[in-house]
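Here's the structure we're looking at; comments come further down.
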There are 2 protein chains.
Amino acid sequence: MTRLRVHTYGMTIDGYVAGPNQTVMDPMGERGQEIHTFLFADEVHPVDQQLFERGTDGIGATIMGRNMFGPVRGEWGDSDWTGWWGPEPPYHHPVFVLTHHAKDPLVVGDTTFHFVTDGIDAALAAATEVAGGLDVRLGGGCATVQQYLRAGLVDELHLAVVPVVLGAGERLFDGIEPALLAGFERTVVSSPGVAHVVFRR
Amino acid sequence: MTRLRVHTYGMTIDGYVAGPNQTVMDPMGERGQEIHTFLFADEVHPVDQQLFERGTDGIGATIMGRNMFGPVRGEWGDSDWTGWWGPEPPYHHPVFVLTHHAKDPLVVGDTTFHFVTDGIDAALAAATEVAGGLDVRLGGGCATVQQYLRAGLVDELHLAVVPVVLGAGERLFDGIEPALLAGFERTVVSSPGVAHVVFRR
């Protein structure tokens, strides 16, 4: 049974998963990059590293929202945007990008990006099929994770809570009914800089 | 130098330190008691226990808001309320209760409750004096901790973050400017059920 999993999803102690005023130059919003500082330290703590690596373990496809793919809005037109990741995206499996605007699949390195215009269920069905028995990772962003949570489709939600206070931005749990997570087991592990909270069913 | 410290202050993963609709029968609000379940387990985890005990270590006085003392509102009148804690409150040192309504000191067991009507600075001054070189603990509730945070008077803020989603209630960081905590060191330690996040300066 394919499971839909969210991994190392950074959140501040005051609940924000992105800062305010996102722009092309600042895709995580103001101060949003502080949420993921621990992943870019000279030496990533072994606890953080181990949990980060679970995010690729047994994953056969990824789903993400359009804004996580890039800054282009509206029709794709003749945009030559190929994602934030340069010539070798770290996925190495098919990625399904939710969008309202059709676009042909895009091959970058060994990753193919498919653009899905008919909603989250269709994206999950397509990702599940191509994952061939492996799980599907839900990459983000906030609105995309919220949509799948509200639809009751997320099987694992791993939040990496950092002791940063942002005061503004996008809050993951805004509008998420507590009952949606009622049946989930919860575990906590931490490095000195990050509290990893995992909801799993 | 006396420091003002908050310890084992329970908060949900979505930021709530109390549930909605607090009543006399339900002083933590709906589902608010789930925030502190870990402290009432048959066997408290050693990590949680050790951090909990730091809350009495080197403390010579406690400050709390009126609602943390009891459910009486407005004038005290001839209320015979002596606190939530029965005949032997766990403080064993003077407690200063912030209130807008004067009341004579109240001795319960070996704890004397003083009722302070002239604000948070006066309460901290009185608590500091009686602490005799020890630190002062700030007990809560939410509005009281927020007032001291906004005044820049809190030196240590230990949050016990639990993997519970409440969806409603009082959020500690609502209206707290991030700059207020900018100079604080942060550490994270966890038991399997609680992420302890400590801000300290």
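Ordering of the structure tokens sets the chain letters (A, B, ...), residue numbers begin anew at 1 in every chain, and ligands are numbered from 1 in the order given.
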
Pick out the chain A residues within 6 Å of chain B. Count only C-alpha atoms. Give them as a short mmCIF file (atom, residue, chain, number, x, y, z; two decimals) with N, CA and C atoms, in the first residue's frame.
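Full text of part_9.cif as output:
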data_model
loop_
_atom_site.label_atom_id
_atom_site.label_comp_id
_atom_site.auth_asym_id
_atom_site.auth_seq_id
_atom_site.Cartn_x
_atom_site.Cartn_y
_atom_site.Cartn_z
N ASP A 14 6.75 29.19 16.48
CA ASP A 14 5.44 29.86 16.44
C ASP A 14 4.60 29.42 15.23
N GLY A 15 4.96 28.28 14.64
CA GLY A 15 4.05 27.63 13.71
C GLY A 15 4.19 27.96 12.23
N VAL A 165 11.53 32.37 16.13
CA VAL A 165 10.24 33.06 16.20
C VAL A 165 10.14 33.98 14.98
N LEU A 166 9.18 33.73 14.09
CA LEU A 166 9.04 34.54 12.88
C LEU A 166 8.01 35.66 13.04
N GLY A 167 6.90 35.34 13.71
CA GLY A 167 5.89 36.38 13.96
C GLY A 167 4.95 36.64 12.80
N PRO A 178 -8.22 19.63 14.04
CA PRO A 178 -7.46 18.66 14.83
C PRO A 178 -7.88 17.21 14.57
N THR A 187 5.64 10.80 17.55
CA THR A 187 6.92 10.61 18.22
C THR A 187 7.74 11.89 18.10
N VAL A 188 8.61 12.08 19.07
CA VAL A 188 9.47 13.26 19.10
C VAL A 188 10.91 12.79 19.25
N VAL A 189 11.80 13.28 18.43
CA VAL A 189 13.24 13.13 18.66
C VAL A 189 13.88 14.47 18.37
N SER A 190 15.06 14.72 18.95
CA SER A 190 15.63 16.04 18.73
C SER A 190 17.14 16.00 18.61
N PRO A 192 20.28 19.10 19.13
CA PRO A 192 20.29 20.31 19.99
C PRO A 192 19.63 21.52 19.34
N GLY A 193 19.38 21.46 18.03
CA GLY A 193 18.80 22.63 17.37
C GLY A 193 17.45 22.41 16.74
N ALA A 195 13.63 20.08 16.89
CA ALA A 195 12.70 19.08 17.42
C ALA A 195 11.97 18.44 16.26
#

Contacts of Thr56 of chain A within 10 Å, only C-alpha atoms, excl. fewer than 5 positions in-chain, as a ChimeraX atom specification: /A:7,51,61-62,90-92,135-137

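DSSP secondary structure from the backbone places Gly32, Gln33, Glu34, Ile35, His36, Thr37, Phe38, Leu39, Phe40, Pro46, Val47, Asp48, Gln49, Gln50, Leu51, Phe52, Glu53, Arg54, Arg66, Asn67, Met68, Phe69, Gly119 and Ile120 of chain B of segment 29-120 of chain B in helix (DSSP H, G or I).
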
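From atom CA of Val47 of chain A back to atom CA of Pro94 of chain A, the distance works out to 27.8 Å.
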
Secondary structure check, strand (DSSP E or B) residues of segment 105-139 of chain B, as a list in words: Leu106, Val107, Val108, Thr111, Thr112, Phe113, His114, Phe115, Val116, Asp135, Val136, Arg137, Leu138 and Gly139 of chain B

When you look at Trp85 of chain B with a cut-off of 10 Å (counting only C-alpha atoms), what residues show up, excluding the ones that are within fewer than 6 positions of it in the same chain? I need them as a PDB file with all heavy atoms, in the first residue's frame.
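Writing the result to result23.pdb gives the following:
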ATOM      1  N   PHE B  69      -4.325  31.569  39.637  1.00  0.00           N
ATOM      2  CA  PHE B  69      -4.592  31.363  41.060  1.00  0.00           C
ATOM      3  C   PHE B  69      -5.986  30.777  41.278  1.00  0.00           C
ATOM      4  O   PHE B  69      -6.198  29.933  42.150  1.00  0.00           O
ATOM      5  CB  PHE B  69      -4.444  32.690  41.816  1.00  0.00           C
ATOM      6  CG  PHE B  69      -4.855  32.605  43.265  1.00  0.00           C
ATOM      7  CD1 PHE B  69      -4.057  31.935  44.191  1.00  0.00           C
ATOM      8  CD2 PHE B  69      -6.046  33.160  43.711  1.00  0.00           C
ATOM      9  CE1 PHE B  69      -4.431  31.832  45.526  1.00  0.00           C
ATOM     10  CE2 PHE B  69      -6.429  33.064  45.047  1.00  0.00           C
ATOM     11  CZ  PHE B  69      -5.626  32.399  45.947  1.00  0.00           C
ATOM     12  N   GLY B  70      -6.934  31.235  40.467  1.00  0.00           N
ATOM     13  CA  GLY B  70      -8.283  30.713  40.673  1.00  0.00           C
ATOM     14  C   GLY B  70      -9.304  31.295  39.735  1.00  0.00           C
ATOM     15  O   GLY B  70      -8.995  32.158  38.915  1.00  0.00           O
ATOM     16  N   TYR B  91       4.529  25.323  46.239  1.00  0.00           N
ATOM     17  CA  TYR B  91       5.477  26.421  46.025  1.00  0.00           C
ATOM     18  C   TYR B  91       6.538  26.504  47.123  1.00  0.00           C
ATOM     19  O   TYR B  91       7.722  26.627  46.860  1.00  0.00           O
ATOM     20  CB  TYR B  91       4.722  27.748  45.856  1.00  0.00           C
ATOM     21  CG  TYR B  91       3.844  27.691  44.639  1.00  0.00           C
ATOM     22  CD1 TYR B  91       2.469  27.454  44.739  1.00  0.00           C
ATOM     23  CD2 TYR B  91       4.395  27.792  43.371  1.00  0.00           C
ATOM     24  CE1 TYR B  91       1.675  27.344  43.615  1.00  0.00           C
ATOM     25  CE2 TYR B  91       3.606  27.677  42.229  1.00  0.00           C
ATOM     26  CZ  TYR B  91       2.253  27.455  42.366  1.00  0.00           C
ATOM     27  OH  TYR B  91       1.484  27.335  41.249  1.00  0.00           O
ATOM     28  N   VAL B 108      -1.369  29.561  52.921  1.00  0.00           N
ATOM     29  CA  VAL B 108      -1.898  28.204  52.702  1.00  0.00           C
ATOM     30  C   VAL B 108      -0.700  27.261  52.814  1.00  0.00           C
ATOM     31  O   VAL B 108       0.242  27.357  52.025  1.00  0.00           O
ATOM     32  CB  VAL B 108      -2.548  28.054  51.315  1.00  0.00           C
ATOM     33  CG1 VAL B 108      -3.295  26.719  51.218  1.00  0.00           C
ATOM     34  CG2 VAL B 108      -3.485  29.210  51.003  1.00  0.00           C
TER      35      VAL B 108
END

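In this comparison, which uses only C-alpha atoms, the residue of A:Ala151, A:Val6, A:Met64, A:Val130 approaching Phe115 of chain A most closely is A:Met64.
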
Exercise: Met68 of chain B partners within 7 Å, only C-alpha atoms, chain neighbours under 3 positions left out, as a list in words: Met64, Gly65, Gly140 and Gly141 of chain B

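Proximity to Thr111 of chain A was assessed for A:Thr82, A:Asn67, A:Gln146, A:Gln22 counting only C-alpha atoms; the smallest distance is recorded for A:Thr82.
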
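Counting from atom CA of Gly60 of chain A, the distance to atom CA of Gly132 of chain A is 7.0 Å.
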
For Val72 of chain B: contacts at 12 Å, only C-alpha atoms, fewer than 2 positions along chain excluded, given as a ChimeraX atom specification: /B:23-24,27,65-70,74-84,99,101

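Relative to atom CA of Ile63 of chain A, atom CA of Ala122 of chain A is found at 10.9 Å.
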
Long-range neighbours of Arg3 of chain A as a ChimeraX atom specification, 12 Å cut-off, only C-alpha atoms, 3 positions minimum in chain: /A:6,58-62,124-125,127-129,131-138,152-157,200-201
